[in-house]
$ cat final_39.txt   # compact mmCIF, C-alpha atoms and all ligand atoms
# COMPACT_ATOMS: atom_id res chain seq x y z
CA MET O 1 0.00 0.00 0.00
CA GLN O 2 1.25 3.50 -0.81
CA PRO O 3 1.78 5.81 2.22
CA ASP O 4 -0.90 8.47 2.60
CA HIS O 5 0.74 11.75 1.56
CA SER O 6 -2.39 13.89 1.84
CA ASP O 7 -0.90 16.00 4.71
CA ALA O 8 2.54 16.04 3.13
CA PRO O 9 4.30 19.39 2.90
CA CYS O 10 5.77 18.50 -0.50
CA THR O 11 6.22 15.89 -3.23
CA GLU O 12 9.02 13.43 -3.97
CA ASP O 13 10.19 15.85 -6.67
CA ASP O 14 10.49 18.64 -4.08
CA VAL O 15 12.54 16.35 -1.82
CA ARG O 16 14.83 15.52 -4.72
CA GLU O 17 15.21 19.20 -5.57
CA LEU O 18 16.03 20.08 -1.95
CA VAL O 19 18.59 17.31 -1.52
CA HIS O 20 20.34 17.86 -4.84
CA ARG O 21 20.47 21.65 -4.46
CA PHE O 22 21.68 21.44 -0.88
CA TYR O 23 24.47 18.93 -1.48
CA ALA O 24 25.62 20.83 -4.58
CA HIS O 25 26.24 23.76 -2.19
CA VAL O 26 27.80 21.51 0.45
CA ARG O 27 30.30 20.11 -2.05
CA GLU O 28 31.37 23.63 -3.01
CA ASP O 29 31.65 24.83 0.59
CA ALA O 30 35.22 25.49 1.74
CA THR O 31 34.75 23.91 5.18
CA LEU O 32 32.13 21.18 4.59
CA GLY O 33 33.13 20.16 1.06
CA PRO O 34 36.44 18.47 1.94
CA ILE O 35 34.84 16.35 4.70
CA PHE O 36 32.35 14.90 2.24
CA GLU O 37 34.83 14.51 -0.60
CA ALA O 38 37.14 12.54 1.73
CA ARG O 39 34.38 10.07 2.59
CA VAL O 40 31.81 9.91 -0.17
CA THR O 41 33.09 8.04 -3.19
CA ASP O 42 29.82 7.36 -4.99
CA TRP O 43 27.74 10.55 -5.02
CA ASP O 44 24.85 9.06 -7.02
CA THR O 45 24.29 6.41 -4.36
CA HIS O 46 24.79 8.91 -1.55
CA LEU O 47 22.31 11.40 -2.98
CA SER O 48 19.78 8.65 -3.57
CA SER O 49 20.16 7.55 0.09
CA LEU O 50 19.78 11.17 1.27
CA CYS O 51 16.62 11.56 -0.85
CA ASP O 52 15.26 8.43 0.87
CA PHE O 53 16.18 9.91 4.27
CA TRP O 54 14.37 13.21 3.65
CA SER O 55 11.47 11.42 2.00
CA ALA O 56 11.11 9.30 5.14
CA LEU O 57 11.09 12.42 7.32
CA LEU O 58 8.81 14.57 5.19
CA LEU O 59 6.60 12.03 3.46
CA GLY O 60 6.73 9.04 5.79
CA THR O 61 8.17 6.67 3.16
CA ARG O 62 10.28 3.72 4.23
CA ARG O 63 13.03 3.34 1.69
CA PHE O 64 15.85 4.79 3.83
CA GLN O 65 18.20 2.03 5.01
CA GLY O 66 21.08 4.03 6.52
CA ALA O 67 22.21 4.74 10.07
CA PRO O 68 23.11 8.45 10.38
CA ILE O 69 24.02 8.40 14.07
CA PRO O 70 26.97 5.99 13.85
CA ALA O 71 27.89 7.42 10.44
CA HIS O 72 28.50 10.86 12.03
CA ALA O 73 29.88 9.62 15.35
CA ARG O 74 32.83 8.12 13.53
CA ILE O 75 33.79 11.29 11.60
CA PRO O 76 36.75 12.54 13.70
CA ASP O 77 36.84 16.19 12.71
CA LEU O 78 33.29 17.36 13.45
CA SER O 79 32.63 20.48 15.53
CA TRP O 80 29.62 22.58 16.42
CA PRO O 81 30.66 25.39 14.02
CA LEU O 82 30.56 22.82 11.21
CA PHE O 83 27.00 21.91 12.17
CA GLN O 84 26.17 25.62 12.23
CA ARG O 85 27.59 25.99 8.74
CA TRP O 86 25.62 22.93 7.58
CA LEU O 87 22.39 24.37 9.05
CA ALA O 88 23.01 27.86 7.63
CA LEU O 89 23.45 26.39 4.13
CA PHE O 90 20.42 24.17 4.59
CA HIS O 91 18.25 27.13 5.64
CA GLU O 92 19.52 29.15 2.66
CA VAL O 93 18.52 26.37 0.30
CA THR O 94 15.09 25.63 1.80
CA ALA O 95 14.35 29.37 1.53
CA THR O 96 14.93 29.23 -2.23
CA LEU O 97 12.36 26.46 -2.81
CA ASP O 98 9.24 28.62 -2.53
CA ARG O 99 7.53 25.91 -0.48
CA PRO O 100 6.81 27.46 2.95
CA ALA O 101 5.42 24.26 4.52
CA LEU O 102 8.37 22.22 3.32
CA GLN O 103 10.77 24.93 4.47
CA ALA O 104 9.29 25.11 7.98
CA GLN O 105 9.23 21.34 8.50
CA ALA O 106 12.58 20.58 6.95
CA ASP O 107 14.33 23.42 8.84
CA ALA O 108 12.90 22.29 12.18
CA MET O 109 13.80 18.65 11.52
CA ALA O 110 17.32 19.53 10.41
CA GLN O 111 17.89 21.50 13.63
CA ARG O 112 16.62 18.68 15.81
CA ILE O 113 18.73 16.09 14.02
CA ALA O 114 21.84 18.30 14.02
CA ALA O 115 21.45 18.71 17.80
CA LYS O 116 21.11 14.94 18.21
CA LEU O 117 24.08 14.15 15.95
CA TRP O 118 26.23 16.66 17.85
CA GLN O 119 25.11 15.26 21.21
CA VAL O 120 26.04 11.72 20.24
CA TRP O 121 29.30 12.85 18.63
CA GLN O 122 30.32 14.71 21.79
CA ASP O 123 29.38 11.80 24.04
CA ARG O 124 31.60 9.51 22.02
CA ASN O 125 34.48 11.81 21.10
CA VAL O 126 35.09 14.52 23.66
CA LEU O 127 36.40 14.35 27.17
CA PRO O 128 34.80 17.07 29.28
CA SER O 129 37.02 20.14 29.30
CA LEU O 130 35.20 21.65 32.28
CA PRO O 131 34.23 19.77 35.45
CA ASP O 132 30.81 18.15 35.61
CA THR O 133 30.97 16.87 39.21
CA LEU O 134 30.84 18.87 42.43
CA PRO O 135 33.30 18.61 45.30
CA ASP O 136 32.08 16.67 48.36
CA GLY O 137 30.24 18.36 51.22
CA LEU O 138 27.92 20.63 49.22
CA LYS O 139 24.14 20.78 49.53
CA ALA O 140 21.58 21.93 46.94
CA TYR O 141 19.58 24.89 48.19
CA ARG O 142 17.81 26.41 45.17
CA ASP O 143 16.79 25.70 41.57
CA SER O 144 16.68 28.45 38.97
CA PRO O 145 13.66 28.71 36.69
CA VAL O 146 13.85 26.66 33.51
CA PHE O 147 15.43 29.10 31.06
CA THR O 148 14.52 29.20 27.38
CA PRO O 149 15.39 31.81 24.70
CA ASP O 150 12.14 33.57 25.69
CA ASN O 151 12.97 34.16 29.35
CA LEU O 152 16.77 34.06 29.42
CA PRO O 153 17.79 37.16 31.38
CA PRO O 154 20.31 39.44 29.60
CA ALA O 155 22.41 39.27 32.78
CA LEU O 156 23.13 35.58 32.12
CA GLN O 157 24.16 36.36 28.53
CA ALA O 158 26.87 38.76 29.75
CA ALA O 159 29.77 38.02 32.10
CA HIS O 160 28.53 37.30 35.61
CA SER O 161 29.36 34.98 38.49
CA THR O 162 27.95 33.32 41.58
CA LYS O 163 28.95 34.74 44.96
CA ALA O 164 31.67 33.28 47.19
CA GLY O 165 30.78 29.79 48.35
CA THR O 166 27.97 29.30 45.81
CA TRP O 167 28.36 26.55 43.24
CA GLY O 168 25.99 25.78 40.40
CA VAL O 169 25.24 22.77 38.25
CA LEU O 170 23.87 23.80 34.88
CA THR O 171 21.94 21.06 33.08
CA VAL O 172 20.79 21.37 29.49
CA HIS O 173 17.35 19.80 28.96
CA THR O 174 16.92 20.41 25.23
CA GLY O 175 18.59 22.33 22.40
CA ILE O 176 22.21 23.45 22.32
CA LEU O 177 23.80 25.89 24.78
CA ARG O 178 27.23 27.50 24.67
CA TYR O 179 28.85 28.06 28.08
CA THR O 180 31.89 30.37 28.08
CA LEU O 181 34.35 31.37 30.80
CA ASP O 182 35.08 35.11 30.69
CA ASP O 183 38.48 34.86 32.35
CA PRO O 184 41.48 32.72 31.39
CA PRO O 185 41.46 29.97 30.18
CA HIS O 186 38.35 31.36 28.36
CA THR O 187 37.14 27.82 27.75
CA ALA O 188 33.87 27.51 25.82
CA VAL O 189 31.86 24.31 25.67
CA VAL O 190 28.86 23.59 23.50
CA LEU O 191 26.44 21.52 25.55
CA SER O 192 23.57 19.41 24.30
CA ALA O 193 20.57 17.72 25.95
CA GLY O 194 21.47 15.80 29.08
CA GLN O 195 24.91 17.37 29.49
CA ARG O 196 25.84 19.32 32.60
CA ILE O 197 28.58 21.58 33.79
CA VAL O 198 29.76 22.79 37.18
CA ILE O 199 29.87 26.55 37.78
CA GLN O 200 32.52 27.37 40.32
CA PRO O 201 32.06 30.16 42.90
CA GLN O 202 32.96 33.60 41.54
CA GLN O 203 34.01 32.19 38.16
CA ARG O 204 32.89 34.71 35.53
CA HIS O 205 30.95 33.11 32.70
CA HIS O 206 28.06 33.65 30.30
CA VAL O 207 25.71 31.51 28.25
CA ALA O 208 24.08 31.68 24.81
CA PHE O 209 21.63 29.39 23.03
CA GLU O 210 23.09 27.97 19.84
CA LEU O 211 19.80 26.21 19.10
CA PRO O 212 16.59 26.98 20.99
CA GLY O 213 16.02 24.76 23.99
CA SER O 214 15.98 24.89 27.78
CA PHE O 215 18.34 24.60 30.73
CA GLN O 216 18.27 24.96 34.49
CA ILE O 217 20.77 25.63 37.25
CA THR O 218 20.78 24.07 40.71
CA PHE O 219 22.71 26.08 43.29
CA TYR O 220 24.81 24.46 46.01
CA ARG O 221 26.68 25.64 49.09
CA GLU O 222 28.53 24.04 51.98
CA ALA O 223 26.28 21.82 54.08
CA GLU O 224 27.10 23.98 57.17
CA PRO O 225 27.40 27.45 55.71
CA ALA O 226 29.96 29.66 57.40
CA ALA O 227 28.52 32.75 59.09
CA GLU O 228 28.36 35.64 56.59
C1 LIG B 301 28.70 19.09 10.43
C2 LIG B 301 27.65 18.70 9.69
C3 LIG B 301 27.67 17.43 8.90
C4 LIG B 301 28.69 16.82 8.24
C5 LIG B 301 30.14 17.30 8.10
C6 LIG B 301 28.17 15.60 7.68
C7 LIG B 301 28.91 14.69 6.94
C8 LIG B 301 28.45 13.50 6.47
C9 LIG B 301 29.26 12.51 5.78
C10 LIG B 301 30.75 12.66 5.47
C11 LIG B 301 28.45 11.47 5.49
C12 LIG B 301 28.86 10.18 4.78
C13 LIG B 301 29.27 9.19 5.84
C14 LIG B 301 29.66 7.87 5.30
O1 LIG B 301 29.11 7.46 4.26
O2 LIG B 301 30.50 7.23 5.92
C15 LIG B 301 27.14 11.79 5.97
C16 LIG B 301 26.04 10.97 5.84
C17 LIG B 301 24.77 11.35 6.17
N1 LIG B 301 24.38 12.55 6.73
FE1 LIG B 301 25.60 14.01 7.37
N2 LIG B 301 26.84 15.50 7.97
C18 LIG B 301 26.49 16.60 8.71
C19 LIG B 301 25.24 16.89 9.21
C20 LIG B 301 24.10 16.19 8.92
C21 LIG B 301 22.77 16.54 9.35
C22 LIG B 301 22.44 17.75 10.24
C23 LIG B 301 21.94 15.60 8.83
C24 LIG B 301 20.44 15.48 8.94
C25 LIG B 301 19.63 16.48 9.20
C26 LIG B 301 22.74 14.65 8.09
C27 LIG B 301 22.26 13.52 7.43
C28 LIG B 301 23.03 12.53 6.89
C29 LIG B 301 22.51 11.27 6.42
C30 LIG B 301 21.05 10.83 6.41
C31 LIG B 301 23.60 10.51 5.97
C32 LIG B 301 23.58 9.11 5.37
C33 LIG B 301 23.83 8.13 6.51
C34 LIG B 301 23.74 6.70 6.03
O3 LIG B 301 23.53 6.48 4.83
O4 LIG B 301 23.90 5.82 6.87
N3 LIG B 301 24.05 15.04 8.17
N4 LIG B 301 27.16 13.03 6.56
$ encode --input "final_39.txt" --output "structure tokens" --more "lines below"
Ligand code: HEM
Amino acid sequence: MQPDHSDAPCTEDDVRELVHRFYAHVREDATLGPIFEARVTDWDTHLSSLCDFWSALLLGTRRFQGAPIPAHARIPDLSWPLFQRWLALFHEVTATLDRPALQAQADAMAQRIAAKLWQVWQDRNVLPSLPDTLPDGLKAYRDSPVFTPDNLPPALQAAHSTKAGTWGVLTVHTGILRYTLDDPPHTAVVLSAGQRIVIQPQQRHHVAFELPGSFQITFYREAEPAAE
């Protein structure tokens, strides 16, 4: 039986157009192009598999046989800026198709999948460069609100710090969040869903959403706080 495409945002021809246009741009891109050229030997087969992938997502077909998560987890030189570049090109191309429903759905799906691919890649490839466990002897005393792009206070997007003796554990629930230290060593980490980071007392830092989502901070202090 043929899948019911009555609610579909597009046709198979649109999917083909999107995939072929997008990967033509990818292949010409100075940063993304070389990664693909080093790994993809048969572009006809690859494009046909990518059409099946997008057709599965947008039209509910079942031809796609690949496994994108392991395929990306084993590419050694991925980074979040590369995903940003991939998404920026993808959004440029979907905007040229003159198919608003397709554009909206494909853009949202691409963002979700990019966040997932980056999360899995990081889990498998990166050792944490900032601590994610607290020292012993601390006690949680307050949770922040759940922050999203809509309620993220400007103060958290500029350099700020907790007071002496106050630690924080920042946990990303969804989306992608960049956490940056404002003093040496100026480390920045790009965190995805489920990842957490310890905020040390008085350590200046700021945050920014790379992809919309949500995060929360739990504050800790010594179990027997010293008199102020
Ligand atoms: C930094 C961004 C990305 C890079 C550099 C990248 C690179 C690659 C490469 C080199 C392959 C071929 C792997 C192989 O055959 O061994 C591949 C496959 C694939 N990519 Fe990506 N990719 C990126 C992001 C994405 C995103 C965001 C999506 C989906 C929204 C995606 C979907 C796919 C799919 C479906 C395949 C085929 C997997 C399979 O057949 O098993 N990629 N990608």
$ closest_residue --input "final_39.txt" --among "O:Gly194, O:Pro81, O:Pro131, O:Pro201" --to "ligand LIG 301 (chain B)" --atoms "all atoms listed in the file"
O:Pro81
$ residues_around --input "final_39.txt" --residues "Ala108 of chain O" --least-positions-apart "4" --cutoff "12 Å" --atoms "all atoms listed in the file" --output "list in words"
Leu57, Leu58, Leu87, Phe90, His91, Thr94, Ala101, Leu102, Gln103, Ala104, Arg112, Ile113, Ala114, Ala115, Gly175, Leu211 and Pro212 of chain O
$ closest_residue --input "final_39.txt" --among "O:Tyr179, O:Phe36, O:Trp121, O:Phe147" --to "ligand LIG 301 (chain B)" --atoms "only C-alpha atoms and all ligand atoms"
O:Phe36
$ residues_near_ligand --input "final_39.txt" --ligand "ligand LIG 301 (chain B)" --cutoff "6 Å" --atoms "only C-alpha atoms and all ligand atoms" --output "mmCIF file with C-alpha atoms, keeping the file's coordinate frame"
data_model
loop_
_atom_site.group_PDB
_atom_site.id
_atom_site.type_symbol
_atom_site.label_atom_id
_atom_site.label_comp_id
_atom_site.auth_asym_id
_atom_site.auth_seq_id
_atom_site.Cartn_x
_atom_site.Cartn_y
_atom_site.Cartn_z
ATOM 1 C CA LEU O 32 32.130 21.180 4.590
ATOM 2 C CA ILE O 35 34.840 16.350 4.700
ATOM 3 C CA PHE O 36 32.350 14.900 2.240
ATOM 4 C CA ARG O 39 34.380 10.070 2.590
ATOM 5 C CA VAL O 40 31.810 9.910 -0.170
ATOM 6 C CA SER O 49 20.160 7.550 0.090
ATOM 7 C CA LEU O 50 19.780 11.170 1.270
ATOM 8 C CA PHE O 53 16.180 9.910 4.270
ATOM 9 C CA GLY O 66 21.080 4.030 6.520
ATOM 10 C CA ALA O 67 22.210 4.740 10.070
ATOM 11 C CA PRO O 68 23.110 8.450 10.380
ATOM 12 C CA ALA O 71 27.890 7.420 10.440
ATOM 13 C CA LEU O 78 33.290 17.360 13.450
ATOM 14 C CA LEU O 82 30.560 22.820 11.210
ATOM 15 C CA PHE O 83 27.000 21.910 12.170
ATOM 16 C CA TRP O 86 25.620 22.930 7.580
ATOM 17 C CA ALA O 110 17.320 19.530 10.410
ATOM 18 C CA ILE O 113 18.730 16.090 14.020
ATOM 19 C CA ALA O 114 21.840 18.300 14.020
#
$ atom_distance --input "final_39.txt" --atom1 "atom CA of Thr31 of chain O" --atom2 "atom CA of Ala188 of chain O"
21.0 Å
$ closest_residue --input "final_39.txt" --among "O:Gln122, O:Gln84, O:Ser192, O:Ser55" --to "Asp13 of chain O" --atoms "all atoms listed in the file"
O:Ser55
$ atom_distance --input "final_39.txt" --atom1 "atom CA of Gln65 of chain O" --atom2 "atom CA of Asp52 of chain O"
8.2 Å
$ closest_residue --input "final_39.txt" --among "O:Pro76, O:Pro153, O:Pro100, O:Pro135" --to "Val169 of chain O" --atoms "all atoms listed in the file"
O:Pro135
$ atom_distance --input "final_39.txt" --atom1 "atom CA of Tyr23 of chain O" --atom2 "atom CA of Phe209 of chain O"
26.8 Å
$ closest_residue --input "final_39.txt" --among "O:Leu47, O:Ile199, O:Ile217, O:Val189" --to "Ser129 of chain O" --atoms "all atoms listed in the file"
O:Val189
$ closest_residue --input "final_39.txt" --among "O:Gln200, O:Thr218, O:Ser144, O:Thr180" --to "Ala164 of chain O" --atoms "only C-alpha atoms"
O:Gln200
$ axis_aligned_box --input "final_39.txt" --around "segment 134-149 of chain O" --padding-each-side "4 Å" --output "lines of an AutoDock Vina configuration file"
center_x = 23.5
center_y = 24.2
center_z = 38.0
size_x = 27.6
size_y = 23.1
size_z = 34.5
$ residues_around --input "final_39.txt" --residues "Glu12 of chain O" --least-positions-apart "5" --cutoff "9 Å" --atoms "all atoms listed in the file" --output "PyMOL selection string"
chain O and resi 17+51+55+59
$ residues_around --input "final_39.txt" --residues "Glu210 of chain O" --least-positions-apart "3" --cutoff "8 Å" --atoms "only C-alpha atoms" --output "ChimeraX atom specification"
/O:175-178
$ residues_near_point --input "final_39.txt" --point "(32.8, 36.8, 32.9)" --cutoff "8 Å" --atoms "all atoms listed in the file" --output "number ranges by chain"
O: 158-161, 181-183, 203-206
$ decode --input "final_39.txt" --residues "segment 85-129 of chain O" --atoms "C-alpha atoms" --output "PDB file, in the first residue's frame"
ATOM      1  CA  ARG O  85      27.587  25.991   8.742  1.00  0.00           C
ATOM      2  CA  TRP O  86      25.620  22.927   7.583  1.00  0.00           C
ATOM      3  CA  LEU O  87      22.394  24.368   9.045  1.00  0.00           C
ATOM      4  CA  ALA O  88      23.010  27.858   7.629  1.00  0.00           C
ATOM      5  CA  LEU O  89      23.454  26.393   4.130  1.00  0.00           C
ATOM      6  CA  PHE O  90      20.420  24.171   4.587  1.00  0.00           C
ATOM      7  CA  HIS O  91      18.250  27.127   5.642  1.00  0.00           C
ATOM      8  CA  GLU O  92      19.518  29.150   2.663  1.00  0.00           C
ATOM      9  CA  VAL O  93      18.517  26.366   0.295  1.00  0.00           C
ATOM     10  CA  THR O  94      15.085  25.629   1.800  1.00  0.00           C
ATOM     11  CA  ALA O  95      14.347  29.374   1.532  1.00  0.00           C
ATOM     12  CA  THR O  96      14.926  29.225  -2.230  1.00  0.00           C
ATOM     13  CA  LEU O  97      12.360  26.457  -2.813  1.00  0.00           C
ATOM     14  CA  ASP O  98       9.242  28.616  -2.535  1.00  0.00           C
ATOM     15  CA  ARG O  99       7.525  25.909  -0.477  1.00  0.00           C
ATOM     16  CA  PRO O 100       6.813  27.457   2.949  1.00  0.00           C
ATOM     17  CA  ALA O 101       5.415  24.258   4.519  1.00  0.00           C
ATOM     18  CA  LEU O 102       8.371  22.224   3.324  1.00  0.00           C
ATOM     19  CA  GLN O 103      10.774  24.935   4.469  1.00  0.00           C
ATOM     20  CA  ALA O 104       9.294  25.107   7.980  1.00  0.00           C
ATOM     21  CA  GLN O 105       9.227  21.343   8.501  1.00  0.00           C
ATOM     22  CA  ALA O 106      12.581  20.580   6.951  1.00  0.00           C
ATOM     23  CA  ASP O 107      14.330  23.419   8.842  1.00  0.00           C
ATOM     24  CA  ALA O 108      12.898  22.289  12.178  1.00  0.00           C
ATOM     25  CA  MET O 109      13.798  18.646  11.524  1.00  0.00           C
ATOM     26  CA  ALA O 110      17.319  19.529  10.411  1.00  0.00           C
ATOM     27  CA  GLN O 111      17.893  21.505  13.627  1.00  0.00           C
ATOM     28  CA  ARG O 112      16.621  18.679  15.811  1.00  0.00           C
ATOM     29  CA  ILE O 113      18.729  16.086  14.016  1.00  0.00           C
ATOM     30  CA  ALA O 114      21.842  18.296  14.023  1.00  0.00           C
ATOM     31  CA  ALA O 115      21.454  18.715  17.801  1.00  0.00           C
ATOM     32  CA  LYS O 116      21.107  14.944  18.207  1.00  0.00           C
ATOM     33  CA  LEU O 117      24.083  14.153  15.954  1.00  0.00           C
ATOM     34  CA  TRP O 118      26.229  16.664  17.850  1.00  0.00           C
ATOM     35  CA  GLN O 119      25.111  15.262  21.207  1.00  0.00           C
ATOM     36  CA  VAL O 120      26.044  11.717  20.236  1.00  0.00           C
ATOM     37  CA  TRP O 121      29.302  12.853  18.633  1.00  0.00           C
ATOM     38  CA  GLN O 122      30.317  14.711  21.794  1.00  0.00           C
ATOM     39  CA  ASP O 123      29.382  11.801  24.044  1.00  0.00           C
ATOM     40  CA  ARG O 124      31.603   9.508  22.016  1.00  0.00           C
ATOM     41  CA  ASN O 125      34.479  11.807  21.097  1.00  0.00           C
ATOM     42  CA  VAL O 126      35.095  14.521  23.660  1.00  0.00           C
ATOM     43  CA  LEU O 127      36.402  14.348  27.173  1.00  0.00           C
ATOM     44  CA  PRO O 128      34.796  17.070  29.275  1.00  0.00           C
ATOM     45  CA  SER O 129      37.015  20.143  29.300  1.00  0.00           C
TER      46      SER O 129
END
